[in-house]
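Colleague: Sharing run.tsv below, TSV, C-alpha atoms:
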```tsv
chain	number	residue	atom	x	y	z
A	96	ARG	CA	9.73	23.59	-13.24
A	97	PHE	CA	9.57	23.03	-9.48
A	98	GLN	CA	12.22	20.33	-9.71
A	99	LYS	CA	14.56	22.59	-11.71
A	100	GLU	CA	14.21	25.45	-9.24
A	101	VAL	CA	14.60	23.34	-6.08
A	102	PRO	CA	16.56	20.16	-6.98
A	103	ASP	CA	17.58	19.56	-3.35
A	104	PHE	CA	13.94	18.98	-2.46
A	105	PHE	CA	14.12	15.65	-4.32
A	106	GLN	CA	17.24	14.39	-2.51
A	107	TYR	CA	17.82	13.29	1.07
A	108	LYS	CA	21.07	11.82	2.41
A	109	ASN	CA	22.23	10.87	-1.09
A	110	ILE	CA	18.91	9.14	-1.85
A	111	ASP	CA	16.98	10.20	-4.94
A	112	LEU	CA	13.34	10.65	-3.88
A	113	ARG	CA	11.76	11.13	-7.31
A	114	GLU	CA	10.70	7.53	-7.96
A	115	ALA	CA	9.42	7.13	-4.39
A	116	LEU	CA	7.43	10.38	-4.59
A	117	ASN	CA	5.87	9.29	-7.88
A	118	LYS	CA	4.66	6.02	-6.35
A	119	ASP	CA	3.12	7.61	-3.26
A	120	LEU	CA	1.61	10.50	-5.24
A	121	PHE	CA	-0.13	7.98	-7.49
A	122	TRP	CA	-1.95	6.39	-4.54
A	123	ALA	CA	-2.69	9.74	-2.90
A	124	THR	CA	-4.32	11.14	-6.06
A	125	ARG	CA	-5.67	7.99	-7.73
A	126	TYR	CA	-9.35	8.88	-7.37
A	127	GLU	CA	-8.88	12.31	-8.93
A	128	GLY	CA	-6.81	10.65	-11.64
A	129	MET	CA	-9.56	8.12	-12.35
A	130	LEU	CA	-12.08	10.94	-12.66
A	131	GLN	CA	-9.89	12.89	-15.08
A	132	HIS	CA	-9.30	9.74	-17.15
A	133	ALA	CA	-13.06	9.14	-17.32
A	134	VAL	CA	-13.58	12.73	-18.49
A	135	LYS	CA	-11.11	12.20	-21.36
A	136	GLU	CA	-13.10	9.18	-22.48
A	137	VAL	CA	-16.40	11.09	-22.85
A	138	LYS	CA	-15.31	14.69	-23.46
A	139	ARG	CA	-16.08	15.99	-26.94
A	140	SER	CA	-14.44	18.85	-28.78
A	141	GLY	CA	-15.75	22.16	-27.46
A	142	ASP	CA	-17.06	20.68	-24.18
A	143	GLU	CA	-16.28	22.55	-20.99
A	144	VAL	CA	-15.58	20.41	-17.95
A	145	LEU	CA	-16.36	21.71	-14.46
A	146	PHE	CA	-15.26	19.82	-11.35
A	147	HIS	CA	-17.58	20.45	-8.43
A	148	THR	CA	-15.88	21.14	-5.11
A	149	SER	CA	-17.84	21.36	-1.87
A	150	PHE	CA	-17.71	24.49	0.26
A	151	GLN	CA	-15.81	22.54	2.93
A	152	GLU	CA	-13.17	21.45	0.43
A	153	THR	CA	-12.85	24.99	-0.91
A	154	MET	CA	-12.27	26.40	2.56
A	155	LYS	CA	-9.87	23.58	3.36
A	156	SER	CA	-7.79	24.31	0.27
A	157	ARG	CA	-7.54	27.99	1.22
A	158	PHE	CA	-5.96	27.01	4.51
A	159	LYS	CA	-3.30	24.88	2.77
A	160	VAL	CA	-1.05	27.86	2.12
A	161	PHE	CA	-1.28	28.89	5.75
A	162	SER	CA	-0.51	25.31	6.82
A	163	ILE	CA	2.61	25.19	4.61
A	164	LEU	CA	3.97	28.41	6.09
A	165	ARG	CA	3.09	27.31	9.61
A	166	GLU	CA	5.00	24.06	9.15
A	167	TYR	CA	7.99	25.95	7.81
A	168	ILE	CA	8.07	28.24	10.84
A	169	SER	CA	7.50	25.41	13.34
A	170	SER	CA	10.31	23.34	11.77
A	171	PHE	CA	12.87	25.72	13.26
A	172	PHE	CA	11.63	24.87	16.75
A	173	THR	CA	11.54	21.07	16.34
A	174	GLY	CA	15.17	20.42	15.43
A	175	SER	CA	16.71	19.23	12.22
A	176	GLY	CA	15.77	15.61	12.85
A	177	GLY	CA	17.58	12.35	12.51
A	178	THR	CA	16.99	11.25	16.09
A	179	ASN	CA	14.96	8.28	17.20
A	180	LYS	CA	13.46	8.33	20.67
A	181	GLU	CA	12.81	4.60	20.60
A	182	SER	CA	15.51	2.13	21.68
A	183	ARG	CA	17.59	0.39	19.05
A	184	LEU	CA	16.66	-3.08	17.86
A	185	PRO	CA	18.20	-6.10	19.60
A	186	ALA	CA	21.70	-6.83	18.34
A	187	ASP	CA	21.16	-10.60	18.16
A	188	LYS	CA	18.60	-10.55	15.32
A	189	GLN	CA	19.55	-11.35	11.71
A	190	TYR	CA	16.20	-11.21	9.89
A	191	ALA	CA	13.50	-8.53	10.07
A	192	PHE	CA	9.97	-8.73	8.69
A	193	TYR	CA	8.23	-5.41	8.02
A	194	ILE	CA	4.47	-5.85	8.33
A	195	ASN	CA	1.76	-3.19	8.21
A	196	SER	CA	-1.31	-5.10	9.40
A	197	PRO	CA	-1.91	-7.96	11.86
A	198	PHE	CA	-2.94	-10.57	9.27
A	199	GLN	CA	0.43	-10.20	7.48
A	200	TYR	CA	2.07	-11.76	10.51
A	201	SER	CA	0.82	-15.17	9.36
A	202	TYR	CA	2.49	-14.69	5.94
A	203	TYR	CA	5.93	-14.89	7.45
A	204	GLU	CA	5.44	-17.00	10.54
A	205	SER	CA	6.45	-20.25	8.86
A	206	ILE	CA	9.51	-18.61	7.23
A	207	ALA	CA	10.60	-17.24	10.59
A	208	ASN	CA	10.28	-20.70	12.11
A	209	GLU	CA	12.43	-22.16	9.31
A	210	LEU	CA	15.11	-19.50	9.75
A	211	GLY	CA	15.07	-19.87	13.52
A	212	ARG	CA	12.58	-17.83	15.47
A	213	SER	CA	15.19	-16.49	17.90
A	214	SER	CA	17.09	-14.83	15.02
A	215	CYS	CA	13.99	-13.06	13.62
A	216	ILE	CA	12.09	-9.92	14.55
A	217	PHE	CA	8.76	-8.55	13.29
A	218	LEU	CA	8.55	-4.78	12.81
A	219	ALA	CA	5.46	-2.57	12.54
A	220	ASN	CA	6.93	0.84	11.92
A	221	HIS	CA	6.77	2.04	8.35
A	222	ASP	CA	3.07	2.53	7.66
A	223	PRO	CA	1.63	6.00	8.49
A	224	SER	CA	-1.48	4.38	9.98
A	225	ILE	CA	0.53	2.39	12.52
A	226	GLN	CA	0.94	4.14	15.85
A	227	PRO	CA	2.27	2.68	19.12
A	228	ASN	CA	-1.24	2.16	20.51
A	229	THR	CA	-2.30	0.36	17.31
A	230	VAL	CA	0.44	-2.24	17.81
A	231	LYS	CA	-1.67	-3.69	20.63
A	232	GLN	CA	-3.71	-5.37	17.86
A	233	PHE	CA	-0.59	-7.18	16.62
A	234	PRO	CA	0.83	-10.43	18.08
A	235	ALA	CA	2.92	-9.87	21.18
A	236	ASP	CA	6.32	-10.29	19.51
A	237	VAL	CA	5.74	-7.55	16.91
A	238	VAL	CA	7.94	-4.55	17.72
A	239	TYR	CA	7.11	-0.92	17.08
A	240	ALA	CA	10.56	0.42	16.24
A	241	GLY	CA	9.32	4.00	15.93
A	242	ARG	CA	9.60	6.33	12.98
A	243	ALA	CA	12.47	8.74	13.48
A	244	ALA	CA	11.63	12.38	14.10
A	245	VAL	CA	12.72	14.41	11.09
A	246	SER	CA	12.03	18.09	10.58
A	247	ASN	CA	10.77	18.90	7.11
A	248	ARG	CA	12.92	22.02	7.00
A	249	PHE	CA	12.18	23.03	3.47
A	250	SER	CA	13.20	26.54	2.48
A	251	LEU	CA	11.10	29.57	1.71
A	252	ARG	CA	12.56	29.31	-1.79
A	253	ALA	CA	11.02	25.85	-2.12
A	254	ILE	CA	7.65	27.14	-0.92
A	255	SER	CA	7.81	30.07	-3.31
A	256	ALA	CA	8.78	27.86	-6.26
A	257	GLY	CA	6.09	25.36	-5.36
A	258	MET	CA	3.37	28.00	-5.15
A	259	ARG	CA	4.34	29.24	-8.63
A	260	SER	CA	4.41	25.75	-10.15
A	261	LEU	CA	1.77	23.80	-8.24
A	262	ARG	CA	-1.68	24.18	-6.75
A	263	ALA	CA	-1.58	24.77	-2.99
A	264	ASN	CA	-3.28	21.42	-2.39
A	265	ASP	CA	-0.72	19.59	-4.52
A	266	LEU	CA	2.26	21.26	-2.86
A	267	TYR	CA	0.87	20.50	0.59
A	268	LEU	CA	0.37	16.85	-0.40
A	269	LEU	CA	3.90	16.66	-1.84
A	270	LEU	CA	5.37	18.04	1.38
A	271	LYS	CA	3.42	15.55	3.49
A	272	ILE	CA	4.52	12.58	1.36
A	273	ARG	CA	8.13	13.75	1.38
A	274	GLN	CA	7.96	14.03	5.17
A	275	HIS	CA	6.81	10.42	5.43
A	276	LEU	CA	9.66	9.28	3.17
A	277	LEU	CA	12.20	11.16	5.27
A	278	ASN	CA	10.84	9.51	8.41
A	279	SER	CA	11.05	6.11	6.72
A	280	ILE	CA	14.67	6.75	5.72
A	281	GLU	CA	15.64	7.74	9.25
A	282	THR	CA	13.89	4.70	10.70
A	283	ASN	CA	15.65	2.43	8.20
A	284	LEU	CA	18.99	3.94	9.17
A	285	ASN	CA	18.23	3.19	12.79
A	286	ASN	CA	17.25	-0.41	11.95
A	287	PHE	CA	20.23	-0.93	9.64
A	288	ASN	CA	22.55	-0.02	12.53
A	289	SER	CA	21.45	-3.20	14.32
A	290	GLY	CA	22.82	-6.64	13.48
A	291	ILE	CA	19.99	-7.36	11.03
A	292	ARG	CA	21.24	-8.24	7.55
A	293	VAL	CA	18.04	-9.30	5.74
A	294	PHE	CA	14.77	-7.33	5.59
A	295	PHE	CA	11.54	-8.86	4.23
A	296	LEU	CA	8.79	-6.57	2.88
A	297	VAL	CA	5.16	-7.33	2.03
A	298	ALA	CA	3.76	-5.79	-1.17
A	299	GLN	CA	6.02	-2.73	-1.16
A	300	GLU	CA	6.72	-2.76	-4.90
A	301	ASN	CA	4.27	0.09	-5.48
A	302	THR	CA	5.15	2.28	-2.48
A	303	GLY	CA	7.73	4.95	-1.84
A	304	PHE	CA	8.80	3.11	1.29
A	305	GLY	CA	9.73	0.02	-0.72
A	306	ASN	CA	11.66	2.13	-3.21
A	307	VAL	CA	13.80	3.98	-0.65
A	308	THR	CA	14.31	0.87	1.49
A	309	ALA	CA	15.68	-1.08	-1.50
A	310	ARG	CA	17.96	1.82	-2.44
A	311	MET	CA	19.23	2.08	1.13
A	312	GLY	CA	19.78	-1.67	1.30
A	313	LYS	CA	22.30	-1.45	-1.53
A	314	MET	CA	24.03	1.51	0.09
A	315	HIS	CA	24.33	-0.23	3.47
A	316	LYS	CA	24.89	-3.79	2.20
A	317	ARG	CA	21.58	-5.15	3.49
A	318	LEU	CA	19.52	-7.73	1.57
A	319	ILE	CA	15.98	-6.49	0.78
A	320	VAL	CA	13.42	-9.15	-0.19
A	321	ASN	CA	9.91	-8.24	-1.36
A	322	SER	CA	6.83	-10.44	-1.69
A	323	HIS	CA	3.24	-9.63	-2.60
A	324	ASN	CA	-0.24	-11.07	-2.18
A	325	GLY	CA	-2.05	-9.26	-5.01
A	326	LEU	CA	-2.24	-10.01	-8.71
A	327	LYS	CA	0.31	-8.09	-10.79
A	328	ALA	CA	-0.30	-6.22	-14.03
A	329	PRO	CA	1.87	-4.06	-16.33
A	330	ASP	CA	1.12	-0.93	-14.28
A	331	PRO	CA	3.70	1.88	-14.03
A	332	PHE	CA	3.74	1.76	-10.22
A	333	ASN	CA	5.15	-1.80	-10.38
A	334	SER	CA	8.25	-0.44	-12.14
A	335	ASP	CA	11.23	1.42	-10.68
A	336	ASN	CA	12.08	-1.12	-8.00
A	337	HIS	CA	15.51	-2.06	-6.72
A	338	PHE	CA	14.91	-5.12	-4.52
A	339	ASP	CA	17.62	-7.73	-4.29
A	340	LEU	CA	14.90	-10.36	-4.60
A	341	TRP	CA	11.22	-10.10	-5.52
A	342	CYS	CA	9.20	-13.25	-4.84
A	343	CYS	CA	6.69	-14.16	-7.58
A	344	TRP	CA	3.79	-16.62	-7.73
A	345	ASP	CA	4.87	-18.37	-10.91
A	346	GLU	CA	6.88	-18.12	-14.14
A	347	LYS	CA	4.12	-16.18	-15.95
A	348	MET	CA	4.19	-13.44	-13.32
A	349	LYS	CA	7.98	-13.39	-13.41
A	350	ASP	CA	7.94	-12.96	-17.20
A	351	LEU	CA	5.31	-10.20	-16.99
A	352	LEU	CA	7.29	-8.18	-14.44
A	353	HIS	CA	10.46	-8.55	-16.49
A	354	ARG	CA	8.83	-7.79	-19.85
A	355	GLU	CA	6.37	-5.04	-18.92
A	356	CYS	CA	7.88	-3.43	-15.82
A	357	GLY	CA	11.58	-3.69	-16.59
A	358	ILE	CA	12.51	-5.76	-13.53
A	359	GLN	CA	15.71	-7.73	-14.09
A	360	LYS	CA	15.25	-11.51	-14.16
A	361	HIS	CA	17.96	-12.13	-11.58
A	362	GLU	CA	15.91	-10.01	-9.14
A	363	LEU	CA	12.80	-12.17	-9.61
A	364	VAL	CA	12.44	-15.57	-7.94
A	365	VAL	CA	9.46	-17.95	-8.15
A	366	THR	CA	8.40	-19.00	-4.65
A	367	GLY	CA	4.65	-19.54	-4.93
A	368	HIS	CA	2.00	-17.37	-3.29
A	369	VAL	CA	2.89	-15.72	0.01
A	370	MET	CA	-0.29	-17.17	1.58
A	371	GLU	CA	0.26	-20.81	0.55
A	372	ASP	CA	1.63	-21.83	3.94
A	373	VAL	CA	-1.35	-20.21	5.64
A	374	ALA	CA	-3.80	-21.93	3.29
A	375	ARG	CA	-2.26	-25.35	3.87
A	376	LYS	CA	-2.64	-24.98	7.63
A	377	HIS	CA	-6.18	-23.62	7.47
A	378	VAL	CA	-8.84	-25.58	9.33
A	379	TYR	CA	-12.44	-24.89	8.35
A	380	LYS	CA	-14.21	-23.15	11.24
A	381	HIS	CA	-17.74	-23.77	9.91
A	382	THR	CA	-18.34	-20.07	9.30
A	383	LEU	CA	-20.34	-20.85	6.14
A	384	ASP	CA	-22.48	-23.64	7.58
A	385	ASP	CA	-25.53	-21.42	8.02
A	386	PHE	CA	-25.38	-20.41	4.36
A	387	ILE	CA	-24.55	-23.80	2.85
A	388	GLY	CA	-26.72	-25.79	5.25
A	389	GLU	CA	-27.97	-29.01	3.66
A	390	LYS	CA	-27.07	-27.80	0.15
A	391	LYS	CA	-23.74	-29.58	0.09
A	392	ASP	CA	-24.49	-31.11	-3.31
A	393	LYS	CA	-24.54	-27.69	-4.97
A	394	LYS	CA	-21.62	-26.07	-6.79
A	395	ILE	CA	-20.27	-22.96	-5.09
A	396	ILE	CA	-18.82	-20.06	-7.08
A	397	SER	CA	-16.45	-17.75	-5.16
A	398	LEU	CA	-15.81	-14.19	-6.33
A	399	PHE	CA	-12.93	-12.25	-4.72
A	400	THR	CA	-13.16	-8.58	-5.62
A	401	VAL	CA	-10.40	-6.05	-6.29
A	402	TRP	CA	-10.30	-2.43	-5.19
A	403	GLU	CA	-10.56	-0.74	-8.60
A	404	ASN	CA	-12.97	-0.64	-11.56
A	405	ALA	CA	-16.27	-0.37	-9.68
A	406	ALA	CA	-18.40	-0.39	-12.86
A	407	LEU	CA	-16.93	-3.63	-14.17
A	408	LYS	CA	-17.19	-5.25	-10.72
A	409	GLY	CA	-20.84	-4.33	-10.53
A	410	GLU	CA	-21.58	-5.76	-13.98
A	411	ALA	CA	-19.76	-9.00	-13.20
A	412	ALA	CA	-21.49	-9.38	-9.84
A	413	HIS	CA	-24.95	-8.70	-11.31
A	414	ALA	CA	-24.34	-11.22	-14.10
A	415	LEU	CA	-23.22	-13.93	-11.67
A	416	ILE	CA	-26.13	-13.23	-9.30
A	417	ASP	CA	-28.62	-13.52	-12.18
A	418	ILE	CA	-27.09	-16.83	-13.32
A	419	VAL	CA	-27.02	-18.29	-9.81
A	420	SER	CA	-30.57	-17.11	-9.09
A	421	SER	CA	-31.87	-18.87	-12.19
A	422	ARG	CA	-30.41	-22.26	-11.29
A	423	ASP	CA	-30.97	-24.64	-8.41
A	424	ASP	CA	-27.51	-26.24	-8.49
A	425	LEU	CA	-25.44	-23.10	-7.81
A	426	LEU	CA	-24.52	-20.86	-4.88
A	427	LEU	CA	-22.40	-17.71	-4.91
A	428	ILE	CA	-20.00	-16.32	-2.30
A	429	ILE	CA	-18.65	-12.77	-2.84
A	430	ARG	CA	-15.66	-11.77	-0.73
A	431	LEU	CA	-15.06	-8.00	-0.66
A	432	HIS	CA	-11.58	-6.51	-0.95
A	433	PRO	CA	-10.23	-5.16	2.38
A	434	SER	CA	-10.47	-1.60	1.00
A	435	GLU	CA	-14.24	-1.98	0.38
A	436	SER	CA	-17.18	-1.72	2.75
A	437	LYS	CA	-20.75	-2.94	2.89
A	438	ALA	CA	-21.90	0.52	1.77
A	439	ASP	CA	-19.95	0.18	-1.49
A	440	TRP	CA	-22.04	-2.86	-2.42
A	441	GLY	CA	-25.41	-1.67	-1.07
A	442	LYS	CA	-27.40	-1.87	-4.33
A	443	ILE	CA	-25.95	-5.24	-5.29
A	444	ILE	CA	-26.58	-6.70	-1.85
A	445	ARG	CA	-30.23	-5.62	-2.03
A	446	HIS	CA	-30.45	-7.19	-5.50
A	447	ALA	CA	-29.21	-10.59	-4.27
A	448	ASP	CA	-31.22	-13.40	-2.66
A	449	PRO	CA	-29.46	-14.14	0.68
A	450	LYS	CA	-30.38	-17.82	0.29
A	451	LYS	CA	-28.38	-17.96	-2.92
A	452	VAL	CA	-25.70	-15.31	-2.48
A	453	HIS	CA	-23.50	-14.81	0.58
A	454	PHE	CA	-21.29	-11.74	1.11
A	455	VAL	CA	-18.11	-11.89	3.21
A	456	PHE	CA	-17.14	-8.47	4.57
A	457	PRO	CA	-13.54	-7.68	5.58
A	458	SER	CA	-12.95	-7.24	9.28
A	459	PRO	CA	-11.44	-4.02	10.69
A	460	GLY	CA	-8.07	-5.78	10.83
A	461	GLY	CA	-8.28	-6.74	7.18
A	462	SER	CA	-8.29	-10.45	7.95
A	463	LYS	CA	-8.35	-12.95	5.14
```
Let me see the structure of the file written as structure tokens.
Modeller:
Amino acid sequence: RFQKEVPDFFQYKNIDLREALNKDLFWATRYEGMLQHAVKEVKRSGDEVLFHTSFQETMKSRFKVFSILREYISSFFTGSGGTNKESRLPADKQYAFYINSPFQYSYYESIANELGRSSCIFLANHDPSIQPNTVKQFPADVVYAGRAAVSNRFSLRAISAGMRSLRANDLYLLLKIRQHLLNSIETNLNNFNSGIRVFFLVAQENTGFGNVTARMGKMHKRLIVNSHNGLKAPDPFNSDNHFDLWCCWDEKMKDLLHRECGIQKHELVVTGHVMEDVARKHVYKHTLDDFIGEKKDKKIISLFTVWENAALKGEAAHALIDIVSSRDDLLLIIRLHPSESKADWGKIIRHADPKKVHFVFPSPGGSK
């Protein structure tokens, strides 16, 4: 209904935003979605389901409407956007690598060396969490290109239609996500105006940024190449991509993305894992010596967790801990996903014998 009443809301500079909005909305609402899915699994006919909301959340939601109107009014004093206060990228670069965390720099370092380091540039400018002061954590040659300033000058008609069709919280979230996409589009336009012809992305197949960047690449005759470091599955957010090339681990992953996600085979290329070059160069720094000690004759099981399915993770971890604890020839190392914290695994950590089970916690920079 909202889309029918305000179709222009889903377009920007001839770019259809619907697929990109769907991807970013999935990640923004995934925990609520998981909860609703769980309710469907256990709800019986005649059951009434009540979702508890804290007083703070209730008050926060009541201010959403005020925030939407305030943003609308302020947009008339901030300009219509499209300007970038940061300087343009150097004209002598041909290849750009978009990265959104310091450890991703190592993914592409060897590729940049092969292409010729002087013709490459590393950019940290598309992730909402990256601000100019955060770039200090990145290697010195990573450039913060700056997200362009764009006013989200949506109309009162859009606000009115949204309030009739959507919850205030949902409309506010939609406006925020759209604003980020508009900023990404303006920043891409700024970067495309440089001499760069090829843009490399890391794991942007399930983000709105990756979707609009690939669309823009075709419009502006730029080559957009995507790679990823996570395992792929036939999930909807892996569909609706328009990359010129998408680098896969192996033929099985290529077939899965083609068969289940509708990605054309000519867009998929088998290159191996994005971290293979890093792994080959890795030199053991003896960080596990205290745990392994003199037990070098034992077999070590390594468990690398994923961000979702907490119940299944817990069951698997408990089962492995019980097996390892009952045998003298085994040790277990559990490496948490960068999105997890020590608090998420509190009960399991207390259940484990530190002489038999070692936990590796992600650093603030998300290092591997």
Colleague: Just the number, please: distance in Å from CA of Met348 (chain A) to CA of Asn336 (chain A), one decimal.
Modeller: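 The value is 15.6 Å.
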Colleague: If we count all atoms listed in the file, what is near Val293 (chain A) at a cut-off of 8 Å, once residues fewer than 4 positions away on the same chain are taken out, given as an MDAnalysis selection string?
Modeller: chainID A and resid 189:191 317:320
Colleague: How far is it from CA of Ile254 (chain A) to CA of Trp122 (chain A), in Å with one decimal?
Modeller: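 Separating CA of Ile254 (chain A) from CA of Trp122 (chain A) is a distance of 23.1 Å.
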Colleague: Between CA of His361 (chain A) and CA of Phe338 (chain A), measure the distance and give it in Å to one decimal.
Modeller: 10.4 Å
Colleague: Please determine an axis-aligned box that encloses all atoms of region 364-376 of chain A listed in the file, with 6 Å added on each side, and express its centre and edge lengths in Å to one decimal as JSON.
Modeller:
```
{"center_x": 4.3, "center_y": -20.5, "center_z": -0.3, "size_x": 28.2, "size_y": 21.8, "size_z": 27.8}
```
Colleague: Of the candidates A:His368, A:His337, A:Arg445, A:Lys451, which shows the shortest atom-to-atom distance to Leu415 (chain A), using all atoms listed in the file?
Modeller: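 Between A:His368, A:His337, A:Arg445, A:Lys451, the residue approaching Leu415 (chain A) most closely is A:Lys451.
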Colleague: Considering only C-alpha atoms, return as a PyMOL selection string whatever protein or nucleic-acid residues lie within 8 Å of Leu276 (chain A), sequence-local ones (same chain, fewer than 2 positions apart) excluded.
Modeller: chain A and resi 115+272-274+278-280+303-304+307
Colleague: Ranking A:Pro457, A:Ser205, A:Glu362, A:Lys316 by minimum distance to Ala374 (chain A) and counting only C-alpha atoms, which one comes first?
Modeller: A:Ser205
Colleague: Please tabulate, as JSON lines, the residues of region 105-142 of chain A that come within 12 Å of region 388-407 of chain A, each with its closest pair of atoms and the distance in Å to one decimal, counting only C-alpha atoms and ordering rows by chain, then residue number upward.
Modeller:
```
{"residue": "A:Trp122", "atom": "CA", "partner": "A:Glu403", "partner_atom": "CA", "distance": 11.9}
{"residue": "A:Arg125", "atom": "CA", "partner": "A:Glu403", "partner_atom": "CA", "distance": 10.0}
{"residue": "A:Tyr126", "atom": "CA", "partner": "A:Glu403", "partner_atom": "CA", "distance": 9.8}
{"residue": "A:Met129", "atom": "CA", "partner": "A:Asn404", "partner_atom": "CA", "distance": 9.4}
{"residue": "A:Leu130", "atom": "CA", "partner": "A:Asn404", "partner_atom": "CA", "distance": 11.7}
{"residue": "A:Ala133", "atom": "CA", "partner": "A:Asn404", "partner_atom": "CA", "distance": 11.4}
```
Colleague: Grab the residues selected above and save them as a PDB file, in the frame of the given file with C-alpha atoms.
Modeller:
```pdb
ATOM      1  CA  TRP A 122      -1.950   6.390  -4.540  1.00  0.00           C
ATOM      2  CA  ARG A 125      -5.670   7.990  -7.730  1.00  0.00           C
ATOM      3  CA  TYR A 126      -9.350   8.880  -7.370  1.00  0.00           C
ATOM      4  CA  MET A 129      -9.560   8.120 -12.350  1.00  0.00           C
ATOM      5  CA  LEU A 130     -12.080  10.940 -12.660  1.00  0.00           C
ATOM      6  CA  ALA A 133     -13.060   9.140 -17.320  1.00  0.00           C
TER       7      ALA A 133
END
```
Colleague: May I ask which of the residues A:Ile206, A:Ile444, A:Leu145, A:Met258 is the closest one to Arg96 (chain A), counting all atoms listed in the file?
Modeller: A:Met258
Colleague: Applying 12 Å and all atoms listed in the file, which residues near Phe105 (chain A) remain after dropping the ones on its own chain fewer than 2 positions away? List them as a PyMOL selection string.
Modeller: chain A and resi 97-103+107-117+249+253+269-270+272-274+276-277
Colleague: From the set A:Gly257, A:Gly409, A:Gly367, A:Pro433, which residue has the shortest atom-to-atom contact distance to Phe198 (chain A), counting all atoms listed in the file?
Modeller: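 Answer, going by the shortest atom-to-atom distance: A:Pro433.
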Colleague: Which of these, A:Leu296, A:Leu266, A:Val373, A:Leu251, has the shortest distance to Tyr202 (chain A) once you count only C-alpha atoms?
Modeller: A:Val373
Colleague: Quick one: residues within 7 Å of Phe192 (chain A), only C-alpha atoms counted, chain neighbours fewer than 3 positions away excluded, as a list in words?
Modeller: Ile216, Phe217, Leu218, Phe294, Phe295 and Leu296 of chain A
Colleague: With distances taken over only C-alpha atoms, which of A:Ile194, A:His315, A:Asp439, A:Leu383 is nearest to Ser289 (chain A)?
Modeller: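 So, comparing all the options, the nearest one is A:His315.
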